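**Student:** Below: one structure in structure tokens.
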Amino acid sequence: MTRTDTRVGPATARPTLDRARPFWTGRRRDQLTGYLFIAPQLLGSALFVILPLILVVWYSLHEWNVLAGTFTFVGADNYAALADDANLGAVLRATGLFSVGLVVFNLALALLLAVLLNQKLRGTIVFRTLFFSPVVVSLVAWTIVWGFLLQDNGGINGLLDTIGVDGPNWLRGETTAMLSVIVVQVFKNVGLNMVLFLAALQGVPGELYEAAEVDGASRMRQFWRITVPLISPTILLTSIITVVGSLQVFAQIAVLTQGGPGTSTTVLVYYLYQQAFQFHHFGYGATLSIVLFGIVLALTVLQWQMRKRWVFHES
Amino acid sequence: MSRDLSPRTKLTLYGLLLVLAVPFVFPTWWMVTSSLKPVADIFAFPPQLLPVNPRIDAYQRVFDLQPFAQQYLNSLYIALVVTVGTLAVSALAGYAFARIRFRGQNVLFLVVLAGLLIPSEVTIVPLFQMFFTLGLIDTHWPLILVPILGAPSVLATFIMRQFFVSLPGELEEAARVDGLGRFATFWKIALPLSRPALGAVAIFTFLHSWNLYLEPIVFLSTPEKFTLPQALTQFVDVYGGPMWDVQLAAASMTALPVLVVFVIAQKQFVEGLAHTGLKG
């Protein structure tokens, strides 16, 4: 993060013996303005980010039954309960499957679309608009339509039928249900990553390809040896955004599968919601929140570490 | 990779683009056309790409079954208030972190940035409890206050800061010479220049609020207070099965206005999001 400090105003801490100098110097006044400017954001963060984060730790140490009105300190019991929770393994597995599937499919498709849109073709703006459009469609509306399309007698199986393929009941099979929620989410948001990739591709200098062409490198080789390394900072950025986003998936699961069939699509956030707000196990819900936070934190740290390893350069 | 292509390559590329466009466009097409079909035709085989017997009574029933106009208004006003509020909070904080020197600046910036690492799902349990204690459950306050002041606005502040850092300092210098104070400099010089960043922040803030689902279903319980995403899932028959035609009509009314705005202003949407901050 570079700072271009071109601030003007009185020089800092000018030594002076003038005791009559007023307290409200321009510098002090400016400092105060700075604090006032950040005050809403800072107080908001304290109240709605930091305080809840402390409270979630506190709650996770308690057994809390809202209906019975009891709130008792139980120490690490909720954490011990994690180990005994027969569902947790399946939940983490579903969360992992969803994240990996989403990230791989999303980034690959985003990159493919960006490369296609970066060709010298007329009308790429139209396609860019089409590919981006689901981003602005209301998430639940988008999910409802896909739920409709994925019914056993819905549009997708209808289309498959016309070419003689008997489609499965997508949302009722464990594997197809997971596949469905991934696909629905990919098409909803892949446009964002596509646009970021497109901006990165346009930043790759054309001379590099010309030079490679002279050397007789094939298109594929150029792609892997020039394009991918040069846009690696964007690949890292999009993968962080997508991984963290994938852990937050909720509406799609709630609308399409309610975590089923069985627990096959019960991802961590959905499980947390069930425990806290459907079964009223707030203490255990708070413990699951901490598990979620731990995963997000670990993944972010891991990805920033990876940046040093394989990202070609930093602007 | 913008080299001239042979006509054959071009044809292949167009074909590929068209095929790839289907899963992006077909759902919206299917949503709108199916909402105009009588129930009997909705699952007709072969699928009707255009309604054979178009009718609009599903749209009428949307308003009969739910206070849908009220719910629409709820979503709209909440999203607008959140957008304006986030712009104000993030522009002020972003400007101060970029342009004003004050003690503890870097530490405070890190404290704020922590919000980027904490998904709102992590804090939903304590937030529910906090608003419960304040007696603000089943009101719109949590849906307004948390996005404006909490974690969702942190990204906005970060983007605004990145933008203000890149502004040339000479402009502010000139303003100083003219005797403008800090706030006047911010308001009259920096803010008008930051229109592209403000636009991008406004777009993603509006969409974020418009799409919110977990928070409304946690905080709201009265249908008159529901927001659109929540309302859309309420069109079910007595057995809990979805009333597809009505649900799709409601979904169409939710999605189409934003899509129209997007198509008109797609350049601002796409380029704003690509070039402002998110890259930084």
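Each chain in the structure tokens gets a letter, A, B, ..., in the order shown, and its residues are numbered from 1; ligands are numbered from 1 in order too.
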What's around segment 77-80 of chain B at 6 Å? Count only C-alpha atoms, leave out sequence neighbours fewer than 2 positions away in its own chain, and write the answer as number ranges by chain.
**Tutor:** B: 73-75, 82-83, 206, 209-210
**Student:** Export N, CA and C atoms of the chosen residues as a PDB file, in the first residue's frame?
**Tutor:**
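Listed below is the output, out_5.pdb:
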```pdb
ATOM      1  N   LEU B  73     -41.619  -1.777  -1.365  1.00  0.00           N
ATOM      2  CA  LEU B  73     -41.221  -0.483  -0.822  1.00  0.00           C
ATOM      3  C   LEU B  73     -40.174  -0.656   0.280  1.00  0.00           C
ATOM      4  N   ASN B  74     -40.376  -1.666   1.137  1.00  0.00           N
ATOM      5  CA  ASN B  74     -39.423  -1.929   2.223  1.00  0.00           C
ATOM      6  C   ASN B  74     -38.021  -2.153   1.653  1.00  0.00           C
ATOM      7  N   SER B  75     -37.930  -3.073   0.683  1.00  0.00           N
ATOM      8  CA  SER B  75     -36.630  -3.385   0.096  1.00  0.00           C
ATOM      9  C   SER B  75     -36.002  -2.158  -0.520  1.00  0.00           C
ATOM     10  N   VAL B  82     -29.440   2.544   2.973  1.00  0.00           N
ATOM     11  CA  VAL B  82     -28.149   1.900   3.207  1.00  0.00           C
ATOM     12  C   VAL B  82     -27.109   2.438   2.226  1.00  0.00           C
ATOM     13  N   THR B  83     -27.512   2.635   0.974  1.00  0.00           N
ATOM     14  CA  THR B  83     -26.565   3.132  -0.020  1.00  0.00           C
ATOM     15  C   THR B  83     -26.092   4.541   0.330  1.00  0.00           C
ATOM     16  N   PHE B 206     -25.981  -1.109  -3.023  1.00  0.00           N
ATOM     17  CA  PHE B 206     -27.401  -1.298  -3.308  1.00  0.00           C
ATOM     18  C   PHE B 206     -27.702  -2.776  -3.553  1.00  0.00           C
ATOM     19  N   SER B 209     -27.579  -4.889  -0.336  1.00  0.00           N
ATOM     20  CA  SER B 209     -28.761  -4.738   0.510  1.00  0.00           C
ATOM     21  C   SER B 209     -29.984  -5.392  -0.147  1.00  0.00           C
ATOM     22  N   TRP B 210     -30.124  -5.211  -1.439  1.00  0.00           N
ATOM     23  CA  TRP B 210     -31.248  -5.751  -2.201  1.00  0.00           C
ATOM     24  C   TRP B 210     -31.265  -7.284  -2.145  1.00  0.00           C
TER      25      TRP B 210
END
```
**Student:** At a cut-off of 10 Å, using only C-alpha atoms, what residues contact segment 270-277 of chain A? Leave out same-chain residues fewer than 5 positions from it and give the result as a PyMOL selection string.
**Tutor:** (chain A and resi 64-66+87-88+91-92+95+248-254+258-259+263+265+282-289+291-292) or (chain B and resi 121-122+124-125+128+214+217-218)
**Student:** To one decimal place in Å, what is the distance between atom CA of Leu16 of chain B and atom CA of Thr124 of chain A?
**Tutor:** 12.3 Å
**Student:** What is the distance between atom CA of Leu149 of chain B and atom CA of Gln41 of chain A, in Å to one decimal?
**Tutor:**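 Value for the atom CA of Leu149 of chain B-atom CA of Gln41 of chain A distance: 5.7 Å.
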**Student:** I'd like the neighbourhood of Ala108 of chain A as JSON, numbers by chain, where a residue qualifies if any of its atoms comes within 12 Å (using only C-alpha atoms), though same-chain residues fewer than 2 positions away should be ignored.
**Tutor:** {"A": [101, 102, 103, 104, 105, 106, 110, 111, 112, 113, 114, 115, 186, 190, 191, 193, 194, 197, 228, 235, 238, 239]}
**Student:** Leaving out Leu108 of chain B and any residue of its chain fewer than 4 positions from it, which residues lie within 12 Å of it when counting only C-alpha atoms, given as a list in words?
**Tutor:**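 Non-adjacent residues within range: Gly34, Tyr35, Ile38, Ala39, Gln41, Leu42, Leu43, Ser45 and Ala46 of chain A; Ala93, Ala96, Phe97, Phe102, Arg103, Gly104, Val112, Leu113, Ala114 and Gly115 of chain B.
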**Student:** Restricting the calculation to only C-alpha atoms, which member of B:Leu36, B:Ile100, B:Leu134, B:Ala88 is positioned closest to chain A?
**Tutor:**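 Closest candidate: B:Ile100.
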**Student:** Mind checking which residues fall within 9 Å of Leu143 of chain B, counting only C-alpha atoms, ignoring those fewer than 3 positions away in the same chain, and posting them as a ChimeraX atom specification?
**Tutor:** /B:78,82,139-140,146-148,209,212,215-216,219
**Student:** When you count only C-alpha atoms, which of these residues is closest to chain A: B:Phe186, B:Phe26, B:Phe158, B:Phe45?
**Tutor:**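 Closest candidate: B:Phe45.
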**Student:** Measuring between only C-alpha atoms, which one of B:Val236, B:Ala231, B:Val19, B:Leu193 shows the shortest distance to Leu130 of chain A?
**Tutor:** B:Val19
**Student:** Using only C-alpha atoms, which residue out of B:Met31, B:Leu127, B:Val89, B:Ile264 lies closest to Leu50 of chain B?
**Tutor:**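 When distances to Leu50 of chain B are compared using only C-alpha atoms, the smallest one comes from B:Met31.
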